[in-house]
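K.L.:
Mind having a look at this structure? Questions to follow.
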Amino acid sequence: MDPQNISITFPHVLIFFPLLAGGITFLLKRHIAVKNWALFSSIITLVISLVSLYYANNTTLNGLDFNYEWIKYIGASFSVSLDGVGRLLTFLTAVSFPIIITATYKNEYKNSNIFYGLLLLTQAGLMGVFLATDALVFYFFWELALIPVYFLCSRWGGEKRIAATFKFFIYTFTGSLLMLIGIIYMYLHTAPVHDKAGTLISEHSFSIYYFYAVQLSAEQQNWLFWLFFIAFAIKMPVFPFHTWQPDTYEQSPTAVTMVLSGVMVKMGLLGVIRWLLPMFPQAVVKFDTVVIALSVIGIVYASLLAIRQDDLKRLVAYSSIAHIGLMCAAIFTTKQIGLEGVMIQMFNHGINIMGLWIVIELIEKQLGVRKISALAGVAHKAPVLTIMLVVIAFANIALPLTNAFVGEFMMFSGLFQFNIWFAAAALVSIILAAVYTLNMIQKVFYGKANPLTVSIKEISLNEKIALGIIVVAIFLTGIYPQPLFDLTKDSVTELITKFK
Amino acid sequence: MNAIIITAVWGIVMMFGGVFFKEKSTPKYWAIAGLILAIIANGCELVLQHAFFKIDIKDMLTFNSFNLTFITVVLLCTLLLFLLNGRDIEKVGNNVSEYFALIFFVLCGVSIAATFNTLLTLFLGIEILSIPLYILTASDKRNLKSNEAGLKYFLMGAFSTGILLMGITFLYGGNAAALSFYISNLNIGVGKMPVMIAIGLVFVLIAMSFKVSAAPFHFWAPDVYDGAPTVFTSFMATIVKAAGFIAFIRLFANSFGNIKGQWQVLIAIIAAATLLTGNITAVFQQSVKRMLAYSSIAQAGFMLLSIFALNEFAKEGIILYTAAYSLASIGIFAILIKMTDYTIDGFNGLAKQQPILAITGTVFLLSLTGIPLTAGFQAKLYMLIAAVKDGHQNWLVIVAVLCAAISAYYYFKIIQAIYFKENNSIVNTDWDITPAFKILLIITALLIIIIGIFPTVITNWLHY
């Protein structure tokens with residue numbers, strides 16, 4: 001069969017397959033069947049994603065766009081596209097769920113069919129956010145990714161889960177409603193839609209390409225910029241909108257924390273790259289200093305707080321705020337090198353932070369604590385775990401040869417080009433990251449084992465697989481990151497032309 | 001025309017039928033039959049443009065796709081209410097047949113209020129729908145709260161009727177050139193508004209605000225909704241309120257559309273006040289019934305955006321809002337009726353005992369919050385588009401979405417109770433729930449989701 005004639009298009013399959021799989025999961029009864037199905041279907045999603053990336057690289061093939069007329073009168077269509085901005089993120093979404101399910105394979109969840117069903121629905125929602133090229137579809141998925149996570153955290157989370165998740169929900173819901181106003185305002189300024197014969201279909205359109213074409217005055221851009229940015233900033237989160245994040249990460253079940261920190265925070269970054277930058281270039285240039293200043297404050301502040309944390313989960317949560325802050329700052333430099341760095345760093349950060357969560361989950365599951373002060377000498381009993389962790393931790397502080405090095409280097413280059421003082425302040429975070437990460441390794445894994453940690457056992461097969469994949473990915477993309485650049489380069493170049 | 005006549009006649013049939021019905025459950029089946037008849041007849045008029053009754057009404061009522069679609073939505077929602085809560089209507093008291101008769105009279109009033117073309121028919125419609133409601137509110141006659149609510153509603157209602165009549169008089173007299181009750185003749189051109197018309201407009205505005213429980217004329221609503229038997233609260237808070245809005249929007253669009261600039265600020269202030277009082281007070285309620293009463297005020301605030309904007313999106317949106325809000329509210333009230341404990345804690349652990357009620361209830365609450373994939377989102381979206389499109393008073397839009405965020409707080413408190421909290425009190429064992437009830441709830445929830453994905457199933461009718 002000639003591949004050019006294949007009528008299948010990938011983007012909507014990437015959304016609807018997890019959706020369908022999640023629906024089926026609800027119906028399954030037996031615990032083990034649920035797990036295996038969830039794992040199996042997430043691997044299928046990964047395969048689909050890999051095939052779609054092959055297609056994406058092979059420019060002669062079609063099948064990367066899907067368009068379906070949805071609400072004709074108001075000009076909304078279900079259009080999704082696998083463009084350069086979304087590619088790596090859909091791949092991250094596809095690759096992270098099998099890892100998450102493998103890593104937590106031994107966990108027993110009450111009503112596991114609902115747990116895994118909601119998890120797969122989250123995956124579908126995330127895919128939708130990363131692929132949507134229609135503002136209404138984007139908003140739909142933006143909220144839909146949130147609802148399953150809300151239920152997952154509130155049901156299976158820690159002691160203070162209800163309050164923590166509620167805070168998270170109200171925060172993001174408020175932000176997204178403000179974005180909705182922005183979307184509506186943009187929508188009402190789009191040009192009318194005509195079909196090929198020239199007859200009017202709708203007065204306005206929700207399509208992203210119509211949104212890009214809207215001509216706005218500087219004042220309008222300024223208002224709209226903030227309406228959108230606050231929604232994205234809450235999701236990322238950027239200082240000072242970050243207060244929901246440590247609580248939620250701490251209280252969520254670890255599988256969900258991995259989704260939240262590894263993949264979901266990228267919704268905010270993607271929102272900025274795909275929606276905010278091309279729509280309001282003038283406002284972006286106007287407010288770039290403000291946003292970068294906020295980000296840099298967040299980087300330093302979160303890094304300092306991370307040093308003071310005794311709870312492993314909170315430590316990683318604050319370290320994540322610092323990393324995301326750097327990505328946000330790099331985006332707003334609107335420099336080619338910085339943006340390319342962000343693109344691959346979004347992927348790499350997802351991989352690394354999942355590794356950290358897996359290790360924390362292992363320790364907590366076995367010992368029942370995650371306080372640094374209560375742990376010591378884990379390395380004696382669990383050398384493999386320790387080696388894996390050390391690799392991941394090095395990636396977390398962006399040592400050369402690990403995946404994060406290239407991305408962070410590029411982001412810092414972008415920041416340097418923008419303003420040397422911001423770059424210098426942000427660079428402090430690398431030192432601080434080394435402080436809290438190495439301090440954590442030293443205290444938890446080395447030294448003399450205390451009575452509590454003597455009982456720790458070596459990791460089991462499923463955890464070895466999950467961590468093994470992560471470690472391999474860290475080195476692979478650290479040594480040879482070129483394929484990742486190839487996937488995103490064109491889109492970044494196109495985006496950057498708006499700022500020249 | 002079909003709906004008005006059939007509901008009126010069937011109301012009389014139900015009233016006299018009470019003498020002949022032996023079984024207590026007979027009236028319900030008659031009522032459902034009559035309602036289906038009215039829906040079919042109304043559907044004929046909408047789809048085939050065929051009225052069974054040819055009466056020369058001197059153009060005092062108009063029937064177009066907008067009005068008829070609204071009546072269809074209202075009748076279908078009432079049917080849903082009958083099917084879901086028919087047995088609960090029987091439990092209110094002994095005069096079951098009369099309750100159904102009164103509901104039919106209300107529907108007749110709703111149909112007139114939705115199709116009026118003169119101020120007289122507007123007044124008639126509003127009165128025909130109000131008076132049976134006073135009786136329904138007080139129908140639980142051995143309950144002091146129900147009596148109090150009925151009396152309160154009646155006194156306040158009579159007061160607002162007086163104001164409405166006064167307003168109509170001013171409008172009639174002020175329009176010296178035409179001296180006509182027809183709303184199209186009232187259509188005042190741009191320019192300086194005569195004082196008499198201005199006074200009349202404000203009076204009518206106050207009276208209509210009262211009917212739709214808009215702040216600051218909302219004080220009756222929580223007490224009345226709380227005191228009335230829950231089935232009738234469900235009816236009043238959804239269908240009747242929506243009818244008030246249709247009358248409101250039609251009157252203002254047809255009569256005062258040209259001078260929108262002069263009263264728009266008033267509506268904006270009323271809408272903002274309604275949104276804020278409704279939402280903020282609802283946060284502090286412990287009783288779910290009372291909370292829903294305040295939430296219905298809050299939702300009215302959102303619906304007022306349509307009167308504020310008065311454009312295409314507003315008209316489509318108000319019908320969509322009626323359907324979305326009525327379906328979700330009828331659903332959640334139907335679940336509430338089955339609860340023994342009306343406090344939020346009464347919902348604790350519902351997911352374990354009644355999973356179907358829990359999941360459908362969650363869909364209803366998500367729809368009321370306005371989460372995508374539910375009808376409530378589409379309704380709110382249309383309202384917001386309408387308001388943003390209008391372009392004046394953009395602060396109102398910000399207030400509206402912030403209030404929507406507040407509403408998430410109290411709606412999600414119930415969801416939290418249902419799913420995440422344990423039931424500490426004695427487990428209720430005698431649930432009065434039939435399989436049919438559960439299936440209907442599921443159908444309602446599915447309808448909400450279908451409208452949420454394809455709002456065109458409703459809005460298409462407007463372009464018919």
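Order determines the names: the first chain of the structure tokens is A, the second B, and so forth; residues in each chain are numbered 1 upward, and ligands are numbered 1 upward as they are shown.
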Please provide as a tab-separated table (two decimals) with N, CA and C atoms, in the first residue's frame all residues within 8 Å of range 254-271 of chain A, with the sequence filter that same-chain residues fewer than 5 positions apart are discarded (counting only C-alpha atoms).
P.N.:
```tsv
chain	number	residue	atom	x	y	z
A	85	VAL	N	5.24	22.35	17.40
A	85	VAL	CA	5.17	22.72	18.81
A	85	VAL	C	4.64	21.55	19.64
A	86	GLY	N	3.65	20.86	19.08
A	86	GLY	CA	3.00	19.82	19.87
A	86	GLY	C	3.67	18.46	19.81
A	89	LEU	N	5.61	17.13	22.80
A	89	LEU	CA	4.76	17.02	23.99
A	89	LEU	C	3.80	15.84	23.88
A	92	LEU	N	5.91	13.00	24.68
A	92	LEU	CA	6.11	12.92	26.13
A	92	LEU	C	4.89	12.31	26.81
A	93	THR	N	3.70	12.78	26.42
A	93	THR	CA	2.48	12.24	27.01
A	93	THR	C	2.38	10.74	26.74
A	96	SER	N	5.15	8.84	28.77
A	96	SER	CA	5.16	8.89	30.23
A	96	SER	C	4.15	7.95	30.85
A	97	PHE	N	3.01	7.75	30.18
A	97	PHE	CA	1.99	6.93	30.84
A	97	PHE	C	2.40	5.46	30.99
A	100	ILE	N	4.73	5.46	33.91
A	100	ILE	CA	4.03	5.67	35.18
A	100	ILE	C	3.32	4.39	35.61
A	101	ILE	N	2.63	3.78	34.66
A	101	ILE	CA	1.86	2.58	35.02
A	101	ILE	C	2.80	1.44	35.39
A	104	THR	N	4.30	2.07	38.94
A	104	THR	CA	3.37	1.89	40.06
A	104	THR	C	2.58	0.60	39.91
A	119	LEU	N	-7.08	7.97	34.79
A	119	LEU	CA	-5.71	8.27	34.37
A	119	LEU	C	-5.63	8.33	32.84
A	126	LEU	N	-4.85	15.62	27.86
A	126	LEU	CA	-3.56	16.26	27.61
A	126	LEU	C	-3.23	16.25	26.12
A	129	VAL	N	-5.09	18.99	24.45
A	129	VAL	CA	-4.52	20.32	24.65
A	129	VAL	C	-3.32	20.53	23.74
A	130	PHE	N	-2.49	19.50	23.60
A	130	PHE	CA	-1.26	19.67	22.82
A	130	PHE	C	-1.53	19.69	21.32
A	142	TRP	N	-8.51	21.74	27.77
A	142	TRP	CA	-7.81	22.39	28.88
A	142	TRP	C	-8.54	22.08	30.19
A	149	VAL	N	-8.08	14.64	36.90
A	149	VAL	CA	-7.02	14.81	37.89
A	149	VAL	C	-7.61	15.23	39.23
A	152	LEU	N	-8.92	12.12	40.77
A	152	LEU	CA	-7.82	11.22	41.15
A	152	LEU	C	-7.17	11.69	42.44
A	153	CYS	N	-6.87	12.99	42.50
A	153	CYS	CA	-6.18	13.48	43.69
A	153	CYS	C	-7.08	13.45	44.91
A	231	ALA	N	-3.89	32.52	33.09
A	231	ALA	CA	-4.29	31.11	33.01
A	231	ALA	C	-3.08	30.21	32.84
A	232	PHE	N	-2.19	30.60	31.93
A	232	PHE	CA	-1.01	29.76	31.70
A	232	PHE	C	-0.06	29.80	32.90
A	233	ALA	N	0.05	30.98	33.49
A	233	ALA	CA	0.98	31.13	34.61
A	233	ALA	C	0.55	30.29	35.80
A	234	ILE	N	-0.77	30.20	36.02
A	234	ILE	CA	-1.25	29.37	37.12
A	234	ILE	C	-0.91	27.92	36.84
A	235	LYS	N	-1.07	27.52	35.61
A	235	LYS	CA	-0.85	26.12	35.28
A	235	LYS	C	0.62	25.74	35.37
A	236	MET	N	1.52	26.68	35.04
A	236	MET	CA	2.94	26.27	34.93
A	236	MET	C	3.58	25.75	36.21
A	237	PRO	N	3.58	26.32	37.33
A	237	PRO	CA	3.14	27.65	37.75
A	237	PRO	C	4.32	28.59	37.82
A	248	THR	N	-0.38	20.37	46.29
A	248	THR	CA	-1.01	19.38	45.43
A	248	THR	C	-0.05	18.24	45.13
A	249	TYR	N	1.19	18.56	44.81
A	249	TYR	CA	2.16	17.49	44.53
A	249	TYR	C	2.32	16.58	45.74
A	276	LEU	N	-0.03	32.37	22.97
A	276	LEU	CA	0.27	33.73	23.43
A	276	LEU	C	1.26	34.44	22.50
A	317	ALA	N	8.99	19.25	44.35
A	317	ALA	CA	7.99	20.21	43.88
A	317	ALA	C	8.63	21.58	43.68
A	320	SER	N	10.94	21.71	40.83
A	320	SER	CA	10.20	21.78	39.57
A	320	SER	C	9.78	23.22	39.27
A	327	MET	N	12.24	27.77	32.09
A	327	MET	CA	11.67	27.58	30.74
A	327	MET	C	10.82	28.79	30.36
A	328	CYS	N	10.01	29.27	31.33
A	328	CYS	CA	9.14	30.40	31.04
A	328	CYS	C	9.99	31.63	30.69
A	346	MET	N	11.31	20.85	27.71
A	346	MET	CA	9.98	20.44	28.15
A	346	MET	C	9.90	18.92	28.18
A	349	HIS	N	12.60	17.55	30.95
A	349	HIS	CA	12.17	17.79	32.32
A	349	HIS	C	11.11	16.77	32.73
A	350	GLY	N	10.20	16.49	31.79
A	350	GLY	CA	9.17	15.49	32.08
A	350	GLY	C	9.76	14.15	32.42
A	351	ILE	N	10.77	13.73	31.66
A	351	ILE	CA	11.40	12.44	31.89
A	351	ILE	C	12.11	12.43	33.25
A	353	ILE	N	11.82	14.38	35.94
A	353	ILE	CA	11.06	14.53	37.19
A	353	ILE	C	10.26	13.25	37.48
A	354	MET	N	9.86	12.57	36.42
A	354	MET	CA	9.19	11.28	36.67
A	354	MET	C	10.12	10.32	37.37
A	357	TRP	N	10.26	11.14	41.02
A	357	TRP	CA	9.05	10.72	41.74
A	357	TRP	C	9.04	9.21	41.96
A	358	ILE	N	9.52	8.47	40.95
A	358	ILE	CA	9.52	7.02	41.11
A	358	ILE	C	10.38	6.62	42.31
A	361	GLU	N	8.65	7.53	45.53
A	361	GLU	CA	7.54	6.61	45.77
A	361	GLU	C	8.07	5.30	46.34
```
K.L.:
From the DSSP assignment of the backbone, select every residue of range 185-343 of chain A that is helix (DSSP H, G or I), and format the answer as an MDAnalysis selection string.
P.N.:
chainID A and resid 185:188 208:213 218:235 244:251 254:279 281:308 312:332 336:343
K.L.:
At a cut-off of 9 Å, which residues of chain A touch chain B? Count only C-alpha atoms and give the answer as an MDAnalysis selection string.
P.N.:
chainID A and resid 70:73 139:141 143:144 147 151 154:155 162 166 169:171 173:174 177:178 180:181 184:185 187:188
K.L.:
May I have the selected residues written with N, CA and C atoms, as a CSV table (one decimal), in the first residue's frame?
P.N.:
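This is the output file again-v6.csv:
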```csv
chain,number,residue,atom,x,y,z
A,70,TRP,N,-17.8,21.3,13.5
A,70,TRP,CA,-18.4,20.9,14.8
A,70,TRP,C,-19.7,21.8,15.0
A,71,ILE,N,-19.5,23.0,15.4
A,71,ILE,CA,-20.7,23.9,15.6
A,71,ILE,C,-20.6,24.9,14.5
A,72,LYS,N,-21.3,24.7,13.4
A,72,LYS,CA,-21.2,25.5,12.2
A,72,LYS,C,-21.5,26.9,12.4
A,73,TYR,N,-22.6,27.2,13.1
A,73,TYR,CA,-23.1,28.6,13.2
A,73,TYR,C,-22.1,29.5,13.9
A,139,TYR,N,-9.9,25.0,24.7
A,139,TYR,CA,-10.5,25.2,26.0
A,139,TYR,C,-11.1,24.0,26.6
A,140,PHE,N,-11.9,23.3,25.7
A,140,PHE,CA,-12.5,22.0,26.1
A,140,PHE,C,-11.5,21.1,26.8
A,141,PHE,N,-10.4,20.8,26.1
A,141,PHE,CA,-9.5,19.9,26.6
A,141,PHE,C,-8.7,20.4,27.8
A,143,GLU,N,-9.9,22.2,30.2
A,143,GLU,CA,-10.6,21.9,31.4
A,143,GLU,C,-10.8,20.4,31.6
A,144,LEU,N,-10.9,19.6,30.5
A,144,LEU,CA,-11.2,18.2,30.6
A,144,LEU,C,-10.0,17.5,31.2
A,147,ILE,N,-10.4,17.8,35.1
A,147,ILE,CA,-11.5,17.1,35.9
A,147,ILE,C,-11.0,15.7,36.4
A,151,PHE,N,-10.5,14.4,40.4
A,151,PHE,CA,-11.1,13.2,41.1
A,151,PHE,C,-10.0,12.3,41.6
A,154,SER,N,-8.3,13.8,44.7
A,154,SER,CA,-9.2,13.9,45.9
A,154,SER,C,-9.6,12.5,46.4
A,155,ARG,N,-9.5,11.5,45.6
A,155,ARG,CA,-10.0,10.2,46.0
A,155,ARG,C,-8.8,9.4,46.6
A,162,ILE,N,-8.3,16.6,50.1
A,162,ILE,CA,-9.4,17.3,49.6
A,162,ILE,C,-9.2,18.8,49.6
A,166,PHE,N,-8.6,21.0,46.1
A,166,PHE,CA,-9.7,22.0,45.8
A,166,PHE,C,-9.0,23.3,45.5
A,169,PHE,N,-7.9,23.2,42.1
A,169,PHE,CA,-9.0,23.2,41.1
A,169,PHE,C,-9.5,24.7,41.0
A,170,ILE,N,-9.7,25.3,42.1
A,170,ILE,CA,-10.3,26.7,42.0
A,170,ILE,C,-9.3,27.6,41.4
A,171,TYR,N,-8.0,27.5,41.7
A,171,TYR,CA,-7.0,28.3,41.1
A,171,TYR,C,-7.0,28.1,39.6
A,173,PHE,N,-9.3,26.8,37.6
A,173,PHE,CA,-10.6,27.1,37.0
A,173,PHE,C,-10.7,28.6,36.9
A,174,THR,N,-10.3,29.4,37.9
A,174,THR,CA,-10.4,30.8,37.8
A,174,THR,C,-9.6,31.3,36.6
A,177,LEU,N,-11.1,30.5,33.3
A,177,LEU,CA,-12.3,31.3,32.9
A,177,LEU,C,-11.8,32.7,32.4
A,178,LEU,N,-10.7,33.2,33.0
A,178,LEU,CA,-10.2,34.5,32.4
A,178,LEU,C,-9.8,34.3,31.0
A,180,LEU,N,-11.0,32.2,29.0
A,180,LEU,CA,-12.2,32.1,28.2
A,180,LEU,C,-12.6,33.4,27.7
A,181,ILE,N,-12.6,34.4,28.6
A,181,ILE,CA,-13.0,35.8,28.1
A,181,ILE,C,-12.0,36.2,27.0
A,184,ILE,N,-13.0,34.5,23.8
A,184,ILE,CA,-14.2,35.1,23.2
A,184,ILE,C,-13.9,36.4,22.6
A,185,TYR,N,-13.1,37.2,23.3
A,185,TYR,CA,-12.8,38.5,22.7
A,185,TYR,C,-12.1,38.4,21.4
A,187,TYR,N,-12.2,35.8,19.4
A,187,TYR,CA,-13.1,35.2,18.5
A,187,TYR,C,-14.0,36.3,17.8
A,188,LEU,N,-14.4,37.2,18.6
A,188,LEU,CA,-15.3,38.3,18.1
A,188,LEU,C,-14.6,39.2,17.2
```
K.L.:
Find the residues around range 167-174 of chain B up to 7 Å (only C-alpha atoms counted), leave out those fewer than 2 positions away in its own chain, and share them as a PDB file with N, CA and C atoms, in the first residue's frame.
P.N.:
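File out.pdb, as written:
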```
ATOM      1  N   LEU B 119     -48.827  44.440  25.775  1.00  0.00           N
ATOM      2  CA  LEU B 119     -48.579  44.499  27.211  1.00  0.00           C
ATOM      3  C   LEU B 119     -49.679  43.795  27.995  1.00  0.00           C
ATOM      4  N   ILE B 163     -46.787  46.845  40.638  1.00  0.00           N
ATOM      5  CA  ILE B 163     -45.762  47.684  39.993  1.00  0.00           C
ATOM      6  C   ILE B 163     -45.770  47.456  38.488  1.00  0.00           C
ATOM      7  N   LEU B 164     -45.952  46.195  38.084  1.00  0.00           N
ATOM      8  CA  LEU B 164     -45.980  45.895  36.651  1.00  0.00           C
ATOM      9  C   LEU B 164     -47.128  46.646  35.978  1.00  0.00           C
ATOM     10  N   LEU B 165     -48.308  46.586  36.613  1.00  0.00           N
ATOM     11  CA  LEU B 165     -49.468  47.271  36.044  1.00  0.00           C
ATOM     12  C   LEU B 165     -49.237  48.773  35.958  1.00  0.00           C
ATOM     13  N   ALA B 176     -48.003  58.864  23.807  1.00  0.00           N
ATOM     14  CA  ALA B 176     -49.223  59.584  23.437  1.00  0.00           C
ATOM     15  C   ALA B 176     -49.551  59.484  21.956  1.00  0.00           C
ATOM     16  N   LEU B 179     -50.931  55.449  21.606  1.00  0.00           N
ATOM     17  CA  LEU B 179     -51.897  54.899  22.559  1.00  0.00           C
ATOM     18  C   LEU B 179     -52.237  53.454  22.226  1.00  0.00           C
ATOM     19  N   SER B 180     -51.223  52.622  22.365  1.00  0.00           N
ATOM     20  CA  SER B 180     -51.429  51.240  21.944  1.00  0.00           C
ATOM     21  C   SER B 180     -50.685  50.325  22.904  1.00  0.00           C
ATOM     22  N   PHE B 181     -51.253  49.131  23.076  1.00  0.00           N
ATOM     23  CA  PHE B 181     -50.604  48.160  23.939  1.00  0.00           C
ATOM     24  C   PHE B 181     -49.610  47.288  23.175  1.00  0.00           C
ATOM     25  N   MET B 196     -42.469  59.917  31.135  1.00  0.00           N
ATOM     26  CA  MET B 196     -43.465  58.872  31.443  1.00  0.00           C
ATOM     27  C   MET B 196     -42.958  57.504  31.028  1.00  0.00           C
ATOM     28  N   ILE B 197     -42.357  57.455  29.840  1.00  0.00           N
ATOM     29  CA  ILE B 197     -41.832  56.179  29.349  1.00  0.00           C
ATOM     30  C   ILE B 197     -40.713  55.708  30.255  1.00  0.00           C
ATOM     31  N   ILE B 199     -40.281  56.324  33.433  1.00  0.00           N
ATOM     32  CA  ILE B 199     -40.836  55.791  34.681  1.00  0.00           C
ATOM     33  C   ILE B 199     -41.438  54.411  34.428  1.00  0.00           C
ATOM     34  N   GLY B 200     -42.183  54.303  33.344  1.00  0.00           N
ATOM     35  CA  GLY B 200     -42.807  53.017  33.015  1.00  0.00           C
ATOM     36  C   GLY B 200     -41.766  51.939  32.833  1.00  0.00           C
ATOM     37  N   LEU B 201     -40.684  52.305  32.139  1.00  0.00           N
ATOM     38  CA  LEU B 201     -39.636  51.323  31.889  1.00  0.00           C
ATOM     39  C   LEU B 201     -39.041  50.832  33.200  1.00  0.00           C
ATOM     40  N   PHE B 203     -40.399  50.840  36.147  1.00  0.00           N
ATOM     41  CA  PHE B 203     -41.374  50.029  36.880  1.00  0.00           C
ATOM     42  C   PHE B 203     -41.445  48.617  36.314  1.00  0.00           C
ATOM     43  N   VAL B 204     -41.512  48.536  35.010  1.00  0.00           N
ATOM     44  CA  VAL B 204     -41.577  47.213  34.387  1.00  0.00           C
ATOM     45  C   VAL B 204     -40.308  46.431  34.690  1.00  0.00           C
TER      46      VAL B 204
END
```
K.L.:
Which polymer residues have any atom within 12 Å of an atom of Thr102 in chain A, counting only C-alpha atoms, with same-chain residues fewer than 4 positions away left out, as a PDB file with C-alpha atoms, in the first residue's frame?
P.N.:
```
ATOM      1  CA  LYS A  35      -3.800  -2.883  35.197  1.00  0.00           C
ATOM      2  CA  ASN A  36      -2.759  -4.957  32.247  1.00  0.00           C
ATOM      3  CA  TRP A  37      -5.253  -3.261  29.982  1.00  0.00           C
ATOM      4  CA  ALA A  38      -4.157   0.169  31.097  1.00  0.00           C
ATOM      5  CA  LEU A  39      -0.536  -0.732  30.490  1.00  0.00           C
ATOM      6  CA  PHE A  40      -1.264  -2.381  27.174  1.00  0.00           C
ATOM      7  CA  SER A  42      -0.874   3.075  26.924  1.00  0.00           C
ATOM      8  CA  ILE A  43       1.822   1.171  25.045  1.00  0.00           C
ATOM      9  CA  VAL A  95       5.847   7.818  26.668  1.00  0.00           C
ATOM     10  CA  SER A  96       5.158   8.895  30.230  1.00  0.00           C
ATOM     11  CA  PHE A  97       1.990   6.926  30.836  1.00  0.00           C
ATOM     12  CA  PRO A  98       3.487   3.459  30.218  1.00  0.00           C
ATOM     13  CA  LYS A 106       2.665  -3.090  42.274  1.00  0.00           C
ATOM     14  CA  ASN A 107       0.501  -0.445  43.919  1.00  0.00           C
ATOM     15  CA  ALA A 255       1.209   8.283  39.794  1.00  0.00           C
ATOM     16  CA  MET A 354       9.188  11.283  36.666  1.00  0.00           C
ATOM     17  CA  ILE A 358       9.519   7.018  41.110  1.00  0.00           C
ATOM     18  CA  SER A 460      11.753  -4.987  41.871  1.00  0.00           C
ATOM     19  CA  LEU A 461      11.641  -5.747  38.164  1.00  0.00           C
ATOM     20  CA  ASN A 462       8.882  -3.363  37.097  1.00  0.00           C
ATOM     21  CA  GLU A 463      10.572  -0.478  38.845  1.00  0.00           C
ATOM     22  CA  LYS A 464      13.892  -1.448  37.310  1.00  0.00           C
ATOM     23  CA  ILE A 465      12.304  -1.344  33.858  1.00  0.00           C
ATOM     24  CA  ALA A 466      10.718   2.058  34.435  1.00  0.00           C
ATOM     25  CA  LEU A 467      13.859   3.616  35.891  1.00  0.00           C
ATOM     26  CA  GLY A 468      15.999   1.853  33.299  1.00  0.00           C
ATOM     27  CA  ILE A 469      14.034   3.425  30.458  1.00  0.00           C
ATOM     28  CA  ILE A 470      14.378   6.825  32.070  1.00  0.00           C
TER      29      ILE A 470
END
```
K.L.:
Please provide as an mmCIF file with N, CA and C atoms, in the first residue's frame all residues within 7 Å of Ala329 in chain A, with the sequence filter that same-chain residues fewer than 5 positions apart are discarded (counting only C-alpha atoms).
P.N.:
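Result saved to part.cif:
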```cif
data_model
loop_
_atom_site.group_PDB
_atom_site.id
_atom_site.type_symbol
_atom_site.label_atom_id
_atom_site.label_comp_id
_atom_site.auth_asym_id
_atom_site.auth_seq_id
_atom_site.Cartn_x
_atom_site.Cartn_y
_atom_site.Cartn_z
ATOM 1 N N VAL A 291 7.652 39.481 32.863
ATOM 2 C CA VAL A 291 7.471 38.039 33.008
ATOM 3 C C VAL A 291 8.795 37.371 33.361
ATOM 4 N N ILE A 292 9.868 37.796 32.693
ATOM 5 C CA ILE A 292 11.158 37.165 32.990
ATOM 6 C C ILE A 292 11.578 37.481 34.418
ATOM 7 N N SER A 295 9.730 35.208 36.592
ATOM 8 C CA SER A 295 10.262 33.861 36.477
ATOM 9 C C SER A 295 11.564 33.725 37.255
#
```
K.L.:
Quick one: of B:Phe252, B:Tyr225, B:Phe347, B:Tyr182, who's nearest to Ile418 in chain B, counting only C-alpha atoms?
P.N.:
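With only C-alpha atoms as the atom set, the closest residue is B:Phe347.
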K.L.:
To one decimal in Å, tell me the separation between CA of Gly75 in chain A and CA of Phe206 in chain A.
P.N.:
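Computing the Euclidean distance for CA of Gly75 in chain A and CA of Phe206 in chain A yields 6.1 Å.
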K.L.:
With only C-alpha atoms as the basis for distance, which of B:Leu122, B:Ile458, B:Ile32, B:Ile71 is at the shortest distance from Asn2 in chain B?
P.N.:
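Of all the options, B:Ile71 lies closest to Asn2 in chain B.
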K.L.:
At a cut-off of 8 Å, using only C-alpha atoms, what residues contact Leu102 in chain B? Leave out same-chain residues fewer than 4 positions from it and give the result as a list in words.
P.N.:
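Final neighbour list, sorted by chain and number: Gly11, Glu98, Val106, Pro132, Leu133 and Leu136 of chain B.
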K.L.:
When you look at Leu495 in chain A with a cut-off of 9 Å (counting only C-alpha atoms), what residues show up, excluding the ones that are within fewer than 4 positions of it in the same chain? I need them as a ChimeraX atom specification.
P.N.:
/A:273-274,277-278,334,336,490-491,499
K.L.:
If you run DSSP on the backbone, which residues of range 72-163 of chain A are strand (DSSP E), as number ranges by chain?
P.N.:
A: 76-81
K.L.:
For the selection just defined, write its residues with N, CA and C atoms to a file, as a tab-separated table (two decimals), in the first residue's frame.
P.N.:
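Everything below was put into out_12.tsv:
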```tsv
chain	number	residue	atom	x	y	z
A	76	ALA	N	-17.00	26.96	14.99
A	76	ALA	CA	-16.08	26.12	15.75
A	76	ALA	C	-15.94	24.80	15.02
A	77	SER	N	-14.71	24.35	14.86
A	77	SER	CA	-14.53	23.04	14.24
A	77	SER	C	-13.57	22.23	15.09
A	78	PHE	N	-13.75	20.91	15.05
A	78	PHE	CA	-12.85	20.05	15.81
A	78	PHE	C	-11.60	19.85	14.98
A	79	SER	N	-10.67	20.79	15.07
A	79	SER	CA	-9.47	20.66	14.26
A	79	SER	C	-8.27	20.48	15.17
A	80	VAL	N	-7.50	19.44	14.85
A	80	VAL	CA	-6.30	19.14	15.62
A	80	VAL	C	-5.18	18.94	14.63
A	81	SER	N	-3.99	19.29	15.06
A	81	SER	CA	-2.86	19.20	14.14
A	81	SER	C	-1.60	18.85	14.90
```
